[in-house]
file final10.cif (mmCIF, C-alpha atoms)
data_work
loop_
_atom_site.group_PDB
_atom_site.id
_atom_site.type_symbol
_atom_site.label_atom_id
_atom_site.label_comp_id
_atom_site.auth_asym_id
_atom_site.auth_seq_id
_atom_site.Cartn_x
_atom_site.Cartn_y
_atom_site.Cartn_z
ATOM 1 C CA MET U 587 0.000 0.000 0.000
ATOM 2 C CA LYS U 588 1.424 3.362 -1.034
ATOM 3 C CA GLU U 589 1.868 5.903 1.729
ATOM 4 C CA GLN U 590 -0.578 8.788 1.681
ATOM 5 C CA LYS U 591 -0.847 11.683 4.092
ATOM 6 C CA HIS U 592 -4.071 12.068 6.034
ATOM 7 C CA LEU U 593 -6.691 14.367 4.511
ATOM 8 C CA ASN U 594 -9.921 15.813 5.877
ATOM 9 C CA ILE U 595 -12.506 15.668 3.086
ATOM 10 C CA VAL U 596 -15.968 17.193 2.946
ATOM 11 C CA MET U 597 -18.137 14.681 1.127
ATOM 12 C CA GLU U 598 -21.449 14.988 -0.702
ATOM 13 C CA ARG U 599 -23.820 12.050 -0.116
ATOM 14 C CA TYR U 600 -24.675 10.236 -3.342
ATOM 15 C CA HIS U 601 -25.073 6.453 -2.876
ATOM 16 C CA ASP U 602 -24.757 4.621 0.436
ATOM 17 C CA PHE U 603 -23.160 1.429 -0.869
ATOM 18 C CA CYS U 604 -20.690 3.139 -3.210
ATOM 19 C CA GLU U 605 -19.752 5.586 -0.476
ATOM 20 C CA TYR U 606 -19.315 2.772 2.054
ATOM 21 C CA TYR U 607 -16.649 1.145 -0.084
ATOM 22 C CA MET U 608 -14.950 4.453 -0.770
ATOM 23 C CA TYR U 609 -14.577 5.192 2.942
ATOM 24 C CA LYS U 610 -13.563 1.614 3.698
ATOM 25 C CA THR U 611 -10.945 1.646 0.924
ATOM 26 C CA MET U 612 -9.303 4.830 2.267
ATOM 27 C CA PRO U 613 -9.058 4.470 6.060
ATOM 28 C CA GLU U 614 -6.187 6.991 6.074
ATOM 29 C CA HIS U 615 -8.626 9.882 5.497
ATOM 30 C CA THR U 616 -11.455 11.416 7.499
ATOM 31 C CA PHE U 617 -14.644 12.123 5.557
ATOM 32 C CA TYR U 618 -17.102 14.747 6.796
ATOM 33 C CA ILE U 619 -20.288 13.699 5.006
ATOM 34 C CA VAL U 620 -22.864 16.407 4.459
ATOM 35 C CA ASP U 621 -26.012 15.275 6.272
ATOM 36 C CA ASN U 622 -28.977 14.841 3.928
ATOM 37 C CA GLY U 623 -31.312 13.456 6.592
ATOM 38 C CA ILE U 624 -31.185 9.880 5.291
ATOM 39 C CA THR U 625 -29.761 7.207 7.594
ATOM 40 C CA PRO U 626 -27.466 4.711 5.809
ATOM 41 C CA LYS U 627 -28.931 1.194 5.718
ATOM 42 C CA GLY U 628 -27.193 -2.180 5.881
ATOM 43 C CA ARG U 629 -23.627 -1.183 5.147
ATOM 44 C CA ILE U 630 -22.941 1.154 8.041
ATOM 45 C CA PHE U 631 -20.299 3.768 7.380
ATOM 46 C CA PRO U 632 -16.926 3.117 9.065
ATOM 47 C CA ASP U 633 -15.529 5.321 11.844
ATOM 48 C CA ASN U 634 -13.615 7.578 9.426
ATOM 49 C CA ALA U 635 -16.921 8.689 7.856
ATOM 50 C CA ILE U 636 -18.701 11.276 9.980
ATOM 51 C CA ILE U 637 -22.150 12.503 8.970
ATOM 52 C CA THR U 638 -22.121 16.240 9.663
ATOM 53 C CA PRO U 639 -24.645 19.052 9.080
ATOM 54 C CA TRP U 640 -23.433 21.550 6.490
ATOM 55 C CA ASP U 641 -23.324 24.385 9.026
ATOM 56 C CA GLN U 642 -21.062 22.274 11.266
ATOM 57 C CA ILE U 643 -18.428 21.292 8.699
ATOM 58 C CA PRO U 644 -15.006 22.080 10.276
ATOM 59 C CA TRP U 645 -13.767 24.193 7.388
ATOM 60 C CA ASP U 646 -10.621 25.223 9.241
ATOM 61 C CA ILE U 647 -9.239 21.666 8.886
ATOM 62 C CA ILE U 648 -10.839 20.636 5.568
ATOM 63 C CA ASP U 649 -8.306 19.872 2.826
ATOM 64 C CA CYS U 650 -10.620 19.060 -0.094
ATOM 65 C CA GLY U 651 -14.180 18.410 -1.166
ATOM 66 C CA TYR U 652 -15.765 15.565 -3.156
ATOM 67 C CA ALA U 653 -18.977 16.359 -5.010
ATOM 68 C CA VAL U 654 -21.427 14.896 -7.510
ATOM 69 C CA HIS U 655 -23.297 18.128 -8.289
ATOM 70 C CA SER U 656 -21.873 21.375 -9.618
ATOM 71 C CA GLU U 657 -23.789 23.309 -6.933
ATOM 72 C CA ARG U 658 -21.883 21.446 -4.219
ATOM 73 C CA VAL U 659 -18.583 22.084 -6.001
ATOM 74 C CA ARG U 660 -19.364 25.792 -5.999
ATOM 75 C CA SER U 661 -20.249 25.745 -2.298
ATOM 76 C CA VAL U 662 -16.910 24.070 -1.508
ATOM 77 C CA TRP U 663 -15.093 26.647 -3.625
ATOM 78 C CA ASP U 664 -16.949 29.388 -1.757
ATOM 79 C CA HIS U 665 -15.055 28.219 1.337
ATOM 80 C CA ASN U 666 -11.762 28.545 -0.588
ATOM 81 C CA LYS U 667 -11.219 24.804 -0.674
ATOM 82 C CA PRO U 668 -10.399 22.665 -3.739
ATOM 83 C CA CYS U 669 -12.846 20.002 -4.854
ATOM 84 C CA VAL U 670 -12.882 16.720 -6.760
ATOM 85 C CA PHE U 671 -15.866 16.048 -9.021
ATOM 86 C CA HIS U 672 -17.505 12.623 -9.466
ATOM 87 C CA ILE U 673 -19.304 11.265 -12.552
ATOM 88 C CA ASP U 674 -20.682 7.717 -12.573
ATOM 89 C CA GLN U 675 -22.652 7.369 -15.819
ATOM 90 C CA VAL U 676 -22.534 8.236 -19.491
ATOM 91 C CA PRO U 677 -23.963 11.632 -20.517
ATOM 92 C CA GLN U 678 -27.633 11.786 -21.483
ATOM 93 C CA GLN U 679 -29.468 14.095 -23.873
ATOM 94 C CA TRP U 680 -30.313 16.516 -21.061
ATOM 95 C CA ASP U 681 -26.701 16.859 -19.886
ATOM 96 C CA ASP U 682 -24.963 20.077 -20.938
ATOM 97 C CA THR U 683 -21.404 18.775 -21.152
ATOM 98 C CA LYS U 684 -20.067 21.996 -22.687
ATOM 99 C CA SER U 685 -21.304 24.170 -19.823
ATOM 100 C CA LEU U 686 -20.073 21.671 -17.251
ATOM 101 C CA ALA U 687 -16.628 21.602 -18.875
ATOM 102 C CA GLN U 688 -16.469 25.404 -18.771
ATOM 103 C CA PHE U 689 -17.484 25.380 -15.113
ATOM 104 C CA LEU U 690 -15.099 22.644 -13.945
ATOM 105 C CA LYS U 691 -12.130 23.658 -16.124
ATOM 106 C CA ASP U 692 -9.255 21.447 -14.928
ATOM 107 C CA THR U 693 -10.971 20.192 -11.751
ATOM 108 C CA PRO U 694 -9.922 16.555 -11.060
ATOM 109 C CA THR U 695 -12.900 14.463 -12.160
ATOM 110 C CA CYS U 696 -13.299 10.810 -11.207
ATOM 111 C CA TYR U 697 -14.844 8.347 -13.664
ATOM 112 C CA PHE U 698 -15.406 4.610 -13.400
ATOM 113 C CA SER U 699 -14.525 3.863 -17.036
ATOM 114 C CA ASP U 700 -12.484 5.169 -19.958
ATOM 115 C CA GLU U 701 -15.645 5.243 -22.078
ATOM 116 C CA GLU U 702 -17.436 7.591 -19.673
ATOM 117 C CA ALA U 703 -14.406 9.875 -19.398
ATOM 118 C CA LYS U 704 -14.188 10.144 -23.187
ATOM 119 C CA LEU U 705 -17.914 10.754 -23.686
ATOM 120 C CA TRP U 706 -18.092 13.499 -21.046
ATOM 121 C CA GLY U 707 -14.782 15.200 -21.781
ATOM 122 C CA VAL U 708 -14.967 17.389 -18.673
ATOM 123 C CA GLY U 709 -12.430 18.156 -15.986
ATOM 124 C CA THR U 710 -9.056 16.467 -15.619
ATOM 125 C CA PRO U 711 -10.087 12.811 -15.986
ATOM 126 C CA ILE U 712 -9.010 10.208 -13.455
ATOM 127 C CA VAL U 713 -10.375 6.721 -14.102
ATOM 128 C CA ARG U 714 -10.456 4.437 -11.094
ATOM 129 C CA PRO U 715 -12.506 1.261 -10.606
ATOM 130 C CA HIS U 716 -15.244 0.390 -8.172
ATOM 131 C CA PRO U 717 -13.361 -1.327 -5.326
ATOM 132 C CA ILE U 718 -14.411 -4.998 -5.386
ATOM 133 C CA ASP U 719 -12.787 -7.009 -2.595
ATOM 134 C CA THR U 720 -12.704 -10.656 -3.724
ATOM 135 C CA ASN U 721 -11.753 -11.667 -0.189
ATOM 136 C CA ILE U 722 -15.391 -10.816 0.558
ATOM 137 C CA PHE U 723 -17.131 -11.243 -2.799
ATOM 138 C CA ASN U 724 -16.337 -14.872 -3.627
ATOM 139 C CA GLY U 725 -17.605 -18.402 -2.970
ATOM 140 C CA TYR U 726 -19.764 -19.152 -6.037
ATOM 141 C CA ASN U 727 -21.737 -22.307 -5.162
ATOM 142 C CA PRO U 728 -25.167 -22.098 -6.785
ATOM 143 C CA THR U 729 -27.956 -24.083 -5.168
ATOM 144 C CA LYS U 730 -30.677 -22.447 -7.251
ATOM 145 C CA GLU U 731 -31.009 -22.807 -11.019
ATOM 146 C CA MET U 732 -31.971 -19.164 -11.248
ATOM 147 C CA ALA U 733 -30.694 -15.839 -12.443
ATOM 148 C CA ILE U 734 -30.453 -12.872 -10.119
ATOM 149 C CA THR U 735 -30.535 -9.135 -10.758
ATOM 150 C CA VAL U 736 -30.263 -6.060 -8.578
ATOM 151 C CA ALA U 737 -32.933 -3.722 -9.891
ATOM 152 C CA THR U 738 -32.704 -0.872 -7.411
ATOM 153 C CA ARG U 739 -32.323 1.507 -10.356
ATOM 154 C CA ALA U 740 -34.841 -0.157 -12.672
ATOM 155 C CA ILE U 741 -37.480 2.521 -12.155
ATOM 156 C CA SER U 742 -36.255 6.046 -11.479
ATOM 157 C CA GLY U 743 -35.959 9.507 -12.946
ATOM 158 C CA TRP U 744 -33.582 8.034 -15.496
ATOM 159 C CA GLY U 745 -36.473 6.308 -17.233
ATOM 160 C CA PRO U 746 -37.337 2.657 -17.864
ATOM 161 C CA GLU U 747 -35.226 2.244 -21.003
ATOM 162 C CA LEU U 748 -31.905 3.209 -19.415
ATOM 163 C CA LYS U 749 -32.502 1.272 -16.234
ATOM 164 C CA GLY U 750 -33.633 -1.855 -18.037
ATOM 165 C CA PHE U 751 -37.135 -2.048 -16.574
ATOM 166 C CA ASN U 752 -38.669 -3.041 -19.912
ATOM 167 C CA ILE U 753 -36.080 -5.808 -20.364
ATOM 168 C CA LEU U 754 -36.660 -7.186 -16.896
ATOM 169 C CA LYS U 755 -40.438 -6.972 -17.209
ATOM 170 C CA GLU U 756 -40.392 -8.994 -20.446
ATOM 171 C CA ALA U 757 -37.896 -11.564 -19.178
ATOM 172 C CA TYR U 758 -39.269 -12.036 -15.677
ATOM 173 C CA PHE U 759 -41.995 -14.536 -16.537
ATOM 174 C CA GLN U 760 -39.906 -16.366 -19.139
ATOM 175 C CA VAL U 761 -36.836 -17.219 -17.074
ATOM 176 C CA PRO U 762 -36.471 -17.678 -13.309
ATOM 177 C CA ILE U 763 -35.024 -14.423 -11.951
ATOM 178 C CA GLN U 764 -34.658 -13.355 -8.347
ATOM 179 C CA VAL U 765 -35.114 -9.591 -8.241
ATOM 180 C CA ILE U 766 -33.352 -7.610 -5.533
ATOM 181 C CA ALA U 767 -35.310 -4.377 -5.174
ATOM 182 C CA LYS U 768 -37.237 -2.519 -2.515
ATOM 183 C CA ASP U 769 -41.048 -2.378 -2.693
ATOM 184 C CA ASP U 770 -41.257 -3.240 -6.398
ATOM 185 C CA GLU U 771 -44.755 -4.567 -7.036
ATOM 186 C CA ASN U 772 -43.949 -5.357 -10.676
ATOM 187 C CA PHE U 773 -41.943 -8.419 -9.609
ATOM 188 C CA PRO U 774 -43.656 -10.715 -7.068
ATOM 189 C CA ASN U 775 -40.444 -12.152 -5.607
ATOM 190 C CA ALA U 776 -38.640 -8.807 -5.251
ATOM 191 C CA LYS U 777 -36.909 -8.323 -1.932
ATOM 192 C CA ALA U 778 -34.592 -5.718 -0.476
ATOM 193 C CA ILE U 779 -31.096 -6.606 0.703
ATOM 194 C CA TYR U 780 -29.007 -4.089 2.591
ATOM 195 C CA SER U 781 -26.279 -6.039 4.366
ATOM 196 C CA GLU U 782 -23.076 -7.054 2.611
ATOM 197 C CA GLU U 783 -23.172 -10.507 4.207
ATOM 198 C CA GLU U 784 -26.686 -11.269 2.938
ATOM 199 C CA MET U 785 -25.869 -9.900 -0.529
ATOM 200 C CA VAL U 786 -22.800 -12.137 -0.870
ATOM 201 C CA LYS U 787 -24.719 -15.216 0.345
ATOM 202 C CA THR U 788 -27.579 -14.538 -2.067
ATOM 203 C CA LEU U 789 -25.213 -14.089 -5.021
ATOM 204 C CA GLN U 790 -23.388 -17.309 -4.130
ATOM 205 C CA ASP U 791 -26.665 -19.253 -4.276
ATOM 206 C CA HIS U 792 -27.660 -18.173 -7.808
ATOM 207 C CA GLN U 793 -26.317 -19.464 -11.101
ATOM 208 C CA LEU U 794 -25.941 -16.270 -13.132
ATOM 209 C CA TYR U 795 -26.465 -12.524 -13.070
ATOM 210 C CA PHE U 796 -29.034 -11.040 -15.468
ATOM 211 C CA ASN U 797 -27.837 -7.496 -16.163
ATOM 212 C CA CYS U 798 -30.900 -5.633 -17.388
ATOM 213 C CA ALA U 799 -29.391 -2.175 -16.849
ATOM 214 C CA TRP U 800 -27.793 -0.053 -19.563
ATOM 215 C CA LYS U 801 -24.235 -0.742 -18.427
ATOM 216 C CA LEU U 802 -22.165 -2.785 -16.008
ATOM 217 C CA ASP U 803 -22.388 -0.939 -12.715
ATOM 218 C CA ARG U 804 -21.358 -2.032 -9.247
ATOM 219 C CA SER U 805 -23.886 -4.871 -8.807
ATOM 220 C CA PRO U 806 -22.848 -7.080 -11.762
ATOM 221 C CA LEU U 807 -19.199 -6.412 -10.914
ATOM 222 C CA GLU U 808 -19.818 -7.698 -7.383
ATOM 223 C CA ALA U 809 -21.529 -10.731 -8.889
ATOM 224 C CA MET U 810 -18.469 -11.369 -11.059
ATOM 225 C CA GLY U 811 -16.300 -11.085 -7.956
ATOM 226 C CA VAL U 812 -18.316 -13.919 -6.419
ATOM 227 C CA GLY U 813 -17.860 -15.930 -9.624
ATOM 228 C CA LEU U 814 -21.213 -15.577 -11.382
ATOM 229 C CA PRO U 815 -21.316 -15.289 -15.169
ATOM 230 C CA VAL U 816 -23.136 -12.168 -16.374
ATOM 231 C CA VAL U 817 -25.582 -11.958 -19.270
ATOM 232 C CA ALA U 818 -25.847 -8.382 -20.562
ATOM 233 C CA ILE U 819 -27.311 -6.565 -23.531
ATOM 234 C CA LYS U 820 -25.279 -4.637 -26.104
ATOM 235 C CA THR U 821 -26.121 -0.946 -25.955
ATOM 236 C CA GLY U 822 -24.505 2.349 -26.816
ATOM 237 C CA PHE U 823 -23.812 2.751 -23.114
ATOM 238 C CA ASN U 824 -21.616 -0.339 -22.654
ATOM 239 C CA VAL U 825 -18.451 0.306 -20.666
ATOM 240 C CA TYR U 826 -15.367 -1.751 -19.774
ATOM 241 C CA LYS U 827 -15.357 -3.146 -23.323
ATOM 242 C CA GLU U 828 -11.613 -3.725 -23.164
ATOM 243 C CA HIS U 829 -12.023 -5.945 -20.114
ATOM 244 C CA PHE U 830 -15.308 -7.769 -20.700
ATOM 245 C CA ASN U 831 -15.896 -9.247 -24.131
ATOM 246 C CA GLU U 832 -16.457 -12.526 -25.958
ATOM 247 C CA LYS U 833 -12.749 -12.899 -26.739
ATOM 248 C CA ASN U 834 -11.934 -12.992 -23.035
ATOM 249 C CA ASN U 835 -14.817 -15.428 -22.471
ATOM 250 C CA ASN U 836 -15.842 -13.577 -19.307
ATOM 251 C CA ILE U 837 -19.308 -12.258 -20.229
ATOM 252 C CA ILE U 838 -22.285 -13.179 -22.405
ATOM 253 C CA TYR U 839 -23.652 -10.377 -24.584
ATOM 254 C CA ALA U 840 -26.981 -10.328 -26.413
ATOM 255 C CA TYR U 841 -28.181 -7.866 -29.043
ATOM 256 C CA ASP U 842 -31.867 -7.737 -28.097
ATOM 257 C CA ILE U 843 -34.229 -8.875 -25.345
ATOM 258 C CA ALA U 844 -35.194 -12.127 -27.087
ATOM 259 C CA GLU U 845 -31.561 -13.140 -27.477
ATOM 260 C CA MET U 846 -30.837 -12.170 -23.882
ATOM 261 C CA ILE U 847 -33.643 -14.425 -22.661
ATOM 262 C CA SER U 848 -32.492 -17.255 -24.939
ATOM 263 C CA LYS U 849 -28.859 -17.029 -23.802
ATOM 264 C CA THR U 850 -29.933 -16.913 -20.172
ATOM 265 C CA LYS U 851 -31.913 -20.134 -20.607
ATOM 266 C CA GLU U 852 -28.946 -21.793 -22.335
ATOM 267 C CA LEU U 853 -26.571 -20.790 -19.565
ATOM 268 C CA LEU U 854 -28.936 -21.944 -16.813
ATOM 269 C CA ALA U 855 -28.895 -25.368 -18.463
ATOM 270 C CA ASP U 856 -25.081 -25.492 -18.620
ATOM 271 C CA LYS U 857 -23.538 -25.207 -15.162
ATOM 272 C CA LYS U 858 -20.083 -26.153 -16.461
ATOM 273 C CA ARG U 859 -20.091 -23.175 -18.826
ATOM 274 C CA CYS U 860 -21.326 -20.947 -16.005
ATOM 275 C CA LEU U 861 -18.329 -21.976 -13.927
ATOM 276 C CA GLU U 862 -15.916 -21.305 -16.800
ATOM 277 C CA ILE U 863 -17.239 -17.842 -17.691
ATOM 278 C CA GLY U 864 -17.671 -16.897 -14.042
ATOM 279 C CA LYS U 865 -14.109 -17.911 -13.217
ATOM 280 C CA ASN U 866 -12.737 -15.809 -16.073
ATOM 281 C CA ALA U 867 -14.843 -12.847 -14.939
ATOM 282 C CA GLN U 868 -13.648 -13.264 -11.363
ATOM 283 C CA GLU U 869 -10.001 -13.214 -12.472
ATOM 284 C CA THR U 870 -10.677 -9.986 -14.393
ATOM 285 C CA ILE U 871 -12.211 -8.412 -11.284
ATOM 286 C CA LYS U 872 -9.242 -9.459 -9.155
ATOM 287 C CA LYS U 873 -6.814 -7.859 -11.585
ATOM 288 C CA PHE U 874 -8.560 -4.643 -12.575
ATOM 289 C CA TRP U 875 -11.044 -3.908 -9.739
ATOM 290 C CA ASN U 876 -8.622 -4.421 -6.868
ATOM 291 C CA PRO U 877 -9.438 -1.943 -4.050
ATOM 292 C CA GLU U 878 -5.826 -0.745 -4.004
ATOM 293 C CA LEU U 879 -6.234 0.496 -7.595
ATOM 294 C CA SER U 880 -9.337 2.387 -6.480
ATOM 295 C CA ARG U 881 -7.464 3.870 -3.543
ATOM 296 C CA GLU U 882 -4.602 5.015 -5.782
ATOM 297 C CA GLY U 883 -7.034 6.666 -8.203
ATOM 298 C CA TRP U 884 -8.970 8.555 -5.538
ATOM 299 C CA ASN U 885 -5.776 9.693 -3.834
ATOM 300 C CA LYS U 886 -4.381 10.838 -7.172
ATOM 301 C CA ALA U 887 -7.470 13.034 -7.595
ATOM 302 C CA PHE U 888 -7.257 14.466 -4.074
ATOM 303 C CA ASN U 889 -3.519 15.171 -4.356
ATOM 304 C CA LEU U 890 -3.989 16.835 -7.723
ATOM 305 C CA ALA U 891 -6.754 19.039 -6.331
ATOM 306 C CA ILE U 892 -4.765 20.296 -3.335
ATOM 307 C CA LYS U 893 -1.348 20.696 -4.978
#
call {"tool": "encode", "arguments": {"input": "final10.cif", "output": "structure tokens"}}
result
Amino acid sequence: MKEQKHLNIVMERYHDFCEYYMYKTMPEHTFYIVDNGITPKGRIFPDNAIITPWDQIPWDIIDCGYAVHSERVRSVWDHNKPCVFHIDQVPQQWDDTKSLAQFLKDTPTCYFSDEEAKLWGVGTPIVRPHPIDTNIFNGYNPTKEMAITVATRAISGWGPELKGFNILKEAYFQVPIQVIAKDDENFPNAKAIYSEEEMVKTLQDHQLYFNCAWKLDRSPLEAMGVGLPVVAIKTGFNVYKEHFNEKNNNIIYAYDIAEMISKTKELLADKKRCLEIGKNAQETIKKFWNPELSREGWNKAFNLAIK
């Protein structure tokens, strides 16, 4: 582990699980998380993450900010502190990338993939992976001949097409799929999972991951860490194409919903192939989604901001 001096960082809340792994990956820093009134569930923030009302942020010791909205960046700048910006998706038709680029200028901007960094073209890009700890996410041993999907983003302001709701709705009654989602009446077996331990155990028990979303986000990557093969659909929003492709035999892609359903059925009937693809995917996660790589990327952004 590379040495890194301690920093005090004011942090904008954006996603409990993603934040949890960020704080856990960088125990050398203290994060003052702006209180948004929502209590984290399941994956409780570690001791170096302190939820703090905005008017109680200790600005005299803050070294840097981390924000997902331009308004929060500006408020950090108003306190004469540098800030790192965070982008975790591809730009949509309503995103004004030109204005954002003019606003951020050379602000260090963290992306999860090269594709997203290229499409946005804002800030000083720093690509670092989701931290996937395969000492925790492992143990593939399916007892259920079923697919699984985490659909917490299936229905949201992003719209059903991007989040894959239409794909999941069409596939749900054609292939056995366990849906992990809170209060989703569209899928009778949907259930919420908050704890890391329960999520790992549930992934271990299922044969493959059905990725109905528009890209590979944290959930299918965690599934790959466990050793599940992933079936995904080809879209204009695919990321990590260098790492996950047919040549590497570590993912199954389909070009439409019918083919995705068909390939899922084929894979459910072939446990040996599931093991082979899942093992290849797991090795890719170990190599390129190692938490130390994530730590190095985040620290690079922070150090660049405060230089």
call {"tool": "resolve_selection", "arguments": {"input": "final10.cif", "expression": "the PyMOL selection byres ((chain U and resi 811) around 10)", "output": "CSV table (one decimal) with C-alpha atoms, keeping the file's coordinate frame"}}
result
chain,number,residue,atom,x,y,z
U,718,ILE,CA,-14.4,-5.0,-5.4
U,719,ASP,CA,-12.8,-7.0,-2.6
U,720,THR,CA,-12.7,-10.7,-3.7
U,721,ASN,CA,-11.8,-11.7,-0.2
U,722,ILE,CA,-15.4,-10.8,0.6
U,723,PHE,CA,-17.1,-11.2,-2.8
U,724,ASN,CA,-16.3,-14.9,-3.6
U,725,GLY,CA,-17.6,-18.4,-3.0
U,726,TYR,CA,-19.8,-19.2,-6.0
U,786,VAL,CA,-22.8,-12.1,-0.9
U,789,LEU,CA,-25.2,-14.1,-5.0
U,805,SER,CA,-23.9,-4.9,-8.8
U,806,PRO,CA,-22.8,-7.1,-11.8
U,807,LEU,CA,-19.2,-6.4,-10.9
U,808,GLU,CA,-19.8,-7.7,-7.4
U,809,ALA,CA,-21.5,-10.7,-8.9
U,810,MET,CA,-18.5,-11.4,-11.1
U,812,VAL,CA,-18.3,-13.9,-6.4
U,813,GLY,CA,-17.9,-15.9,-9.6
U,814,LEU,CA,-21.2,-15.6,-11.4
U,815,PRO,CA,-21.3,-15.3,-15.2
U,864,GLY,CA,-17.7,-16.9,-14.0
U,865,LYS,CA,-14.1,-17.9,-13.2
U,867,ALA,CA,-14.8,-12.8,-14.9
U,868,GLN,CA,-13.6,-13.3,-11.4
U,869,GLU,CA,-10.0,-13.2,-12.5
U,870,THR,CA,-10.7,-10.0,-14.4
U,871,ILE,CA,-12.2,-8.4,-11.3
U,872,LYS,CA,-9.2,-9.5,-9.2
U,875,TRP,CA,-11.0,-3.9,-9.7
call {"tool": "atom_distance", "arguments": {"input": "final10.cif", "atom1": "CA of Ser880 in chain U", "atom2": "CA of Ala733 in chain U"}}
result
28.7 Å
call {"tool": "resolve_selection", "arguments": {"input": "final10.cif", "expression": "the PyMOL selection byres ((chain U and resi 848-854) around 12)", "output": "VMD selection string"}}
result
chain U and resid 728 to 734 757 to 758 760 to 763 792 to 798 814 to 819 837 to 847 855 to 864
call {"tool": "write_last_selection", "arguments": {"input": "final10.cif", "atoms": "C-alpha atoms", "output": "mmCIF file, in the coordinates of the input"}}
result
data_model
loop_
_atom_site.group_PDB
_atom_site.id
_atom_site.type_symbol
_atom_site.label_atom_id
_atom_site.label_comp_id
_atom_site.auth_asym_id
_atom_site.auth_seq_id
_atom_site.Cartn_x
_atom_site.Cartn_y
_atom_site.Cartn_z
ATOM 1 C CA PRO U 728 -25.167 -22.098 -6.785
ATOM 2 C CA THR U 729 -27.956 -24.083 -5.168
ATOM 3 C CA LYS U 730 -30.677 -22.447 -7.251
ATOM 4 C CA GLU U 731 -31.009 -22.807 -11.019
ATOM 5 C CA MET U 732 -31.971 -19.164 -11.248
ATOM 6 C CA ALA U 733 -30.694 -15.839 -12.443
ATOM 7 C CA ILE U 734 -30.453 -12.872 -10.119
ATOM 8 C CA ALA U 757 -37.896 -11.564 -19.178
ATOM 9 C CA TYR U 758 -39.269 -12.036 -15.677
ATOM 10 C CA GLN U 760 -39.906 -16.366 -19.139
ATOM 11 C CA VAL U 761 -36.836 -17.219 -17.074
ATOM 12 C CA PRO U 762 -36.471 -17.678 -13.309
ATOM 13 C CA ILE U 763 -35.024 -14.423 -11.951
ATOM 14 C CA HIS U 792 -27.660 -18.173 -7.808
ATOM 15 C CA GLN U 793 -26.317 -19.464 -11.101
ATOM 16 C CA LEU U 794 -25.941 -16.270 -13.132
ATOM 17 C CA TYR U 795 -26.465 -12.524 -13.070
ATOM 18 C CA PHE U 796 -29.034 -11.040 -15.468
ATOM 19 C CA ASN U 797 -27.837 -7.496 -16.163
ATOM 20 C CA CYS U 798 -30.900 -5.633 -17.388
ATOM 21 C CA LEU U 814 -21.213 -15.577 -11.382
ATOM 22 C CA PRO U 815 -21.316 -15.289 -15.169
ATOM 23 C CA VAL U 816 -23.136 -12.168 -16.374
ATOM 24 C CA VAL U 817 -25.582 -11.958 -19.270
ATOM 25 C CA ALA U 818 -25.847 -8.382 -20.562
ATOM 26 C CA ILE U 819 -27.311 -6.565 -23.531
ATOM 27 C CA ILE U 837 -19.308 -12.258 -20.229
ATOM 28 C CA ILE U 838 -22.285 -13.179 -22.405
ATOM 29 C CA TYR U 839 -23.652 -10.377 -24.584
ATOM 30 C CA ALA U 840 -26.981 -10.328 -26.413
ATOM 31 C CA TYR U 841 -28.181 -7.866 -29.043
ATOM 32 C CA ASP U 842 -31.867 -7.737 -28.097
ATOM 33 C CA ILE U 843 -34.229 -8.875 -25.345
ATOM 34 C CA ALA U 844 -35.194 -12.127 -27.087
ATOM 35 C CA GLU U 845 -31.561 -13.140 -27.477
ATOM 36 C CA MET U 846 -30.837 -12.170 -23.882
ATOM 37 C CA ILE U 847 -33.643 -14.425 -22.661
ATOM 38 C CA ALA U 855 -28.895 -25.368 -18.463
ATOM 39 C CA ASP U 856 -25.081 -25.492 -18.620
ATOM 40 C CA LYS U 857 -23.538 -25.207 -15.162
ATOM 41 C CA LYS U 858 -20.083 -26.153 -16.461
ATOM 42 C CA ARG U 859 -20.091 -23.175 -18.826
ATOM 43 C CA CYS U 860 -21.326 -20.947 -16.005
ATOM 44 C CA LEU U 861 -18.329 -21.976 -13.927
ATOM 45 C CA GLU U 862 -15.916 -21.305 -16.800
ATOM 46 C CA ILE U 863 -17.239 -17.842 -17.691
ATOM 47 C CA GLY U 864 -17.671 -16.897 -14.042
#
call {"tool": "residues_around", "arguments": {"input": "final10.cif", "residues": "range 704-709 of chain U", "least_positions_apart": "2", "cutoff": "8 Å", "atoms": "only C-alpha atoms", "output": "list in words"}}
result
Val676, Pro677, Thr683, Lys684, Leu686, Ala687, Leu690, Lys691, Asp692, Thr693, Pro694, Thr695, Asp700, Glu701, Glu702 and Pro711 of chain U
call {"tool": "closest_residue", "arguments": {"input": "final10.cif", "among": "U:Arg599, U:Gly651, U:Cys604, U:Gly822", "to": "Thr625 in chain U", "atoms": "all atoms listed in the file"}}
result
U:Arg599
call {"tool": "residues_near_point", "arguments": {"input": "final10.cif", "point": "(-15.5, 5.9, 10.1)", "cutoff": "12 Å", "atoms": "only C-alpha atoms", "output": "short mmCIF file (atom, residue, chain, number, x, y, z; two decimals) with C-alpha atoms, keeping the file's coordinate frame"}}
result
data_model
loop_
_atom_site.label_atom_id
_atom_site.label_comp_id
_atom_site.auth_asym_id
_atom_site.auth_seq_id
_atom_site.Cartn_x
_atom_site.Cartn_y
_atom_site.Cartn_z
CA GLU U 605 -19.75 5.59 -0.48
CA TYR U 606 -19.32 2.77 2.05
CA TYR U 607 -16.65 1.14 -0.08
CA MET U 608 -14.95 4.45 -0.77
CA TYR U 609 -14.58 5.19 2.94
CA LYS U 610 -13.56 1.61 3.70
CA THR U 611 -10.94 1.65 0.92
CA MET U 612 -9.30 4.83 2.27
CA PRO U 613 -9.06 4.47 6.06
CA GLU U 614 -6.19 6.99 6.07
CA HIS U 615 -8.63 9.88 5.50
CA THR U 616 -11.46 11.42 7.50
CA PHE U 617 -14.64 12.12 5.56
CA TYR U 618 -17.10 14.75 6.80
CA ILE U 619 -20.29 13.70 5.01
CA ARG U 629 -23.63 -1.18 5.15
CA ILE U 630 -22.94 1.15 8.04
CA PHE U 631 -20.30 3.77 7.38
CA PRO U 632 -16.93 3.12 9.06
CA ASP U 633 -15.53 5.32 11.84
CA ASN U 634 -13.62 7.58 9.43
CA ALA U 635 -16.92 8.69 7.86
CA ILE U 636 -18.70 11.28 9.98
CA ILE U 637 -22.15 12.50 8.97
#
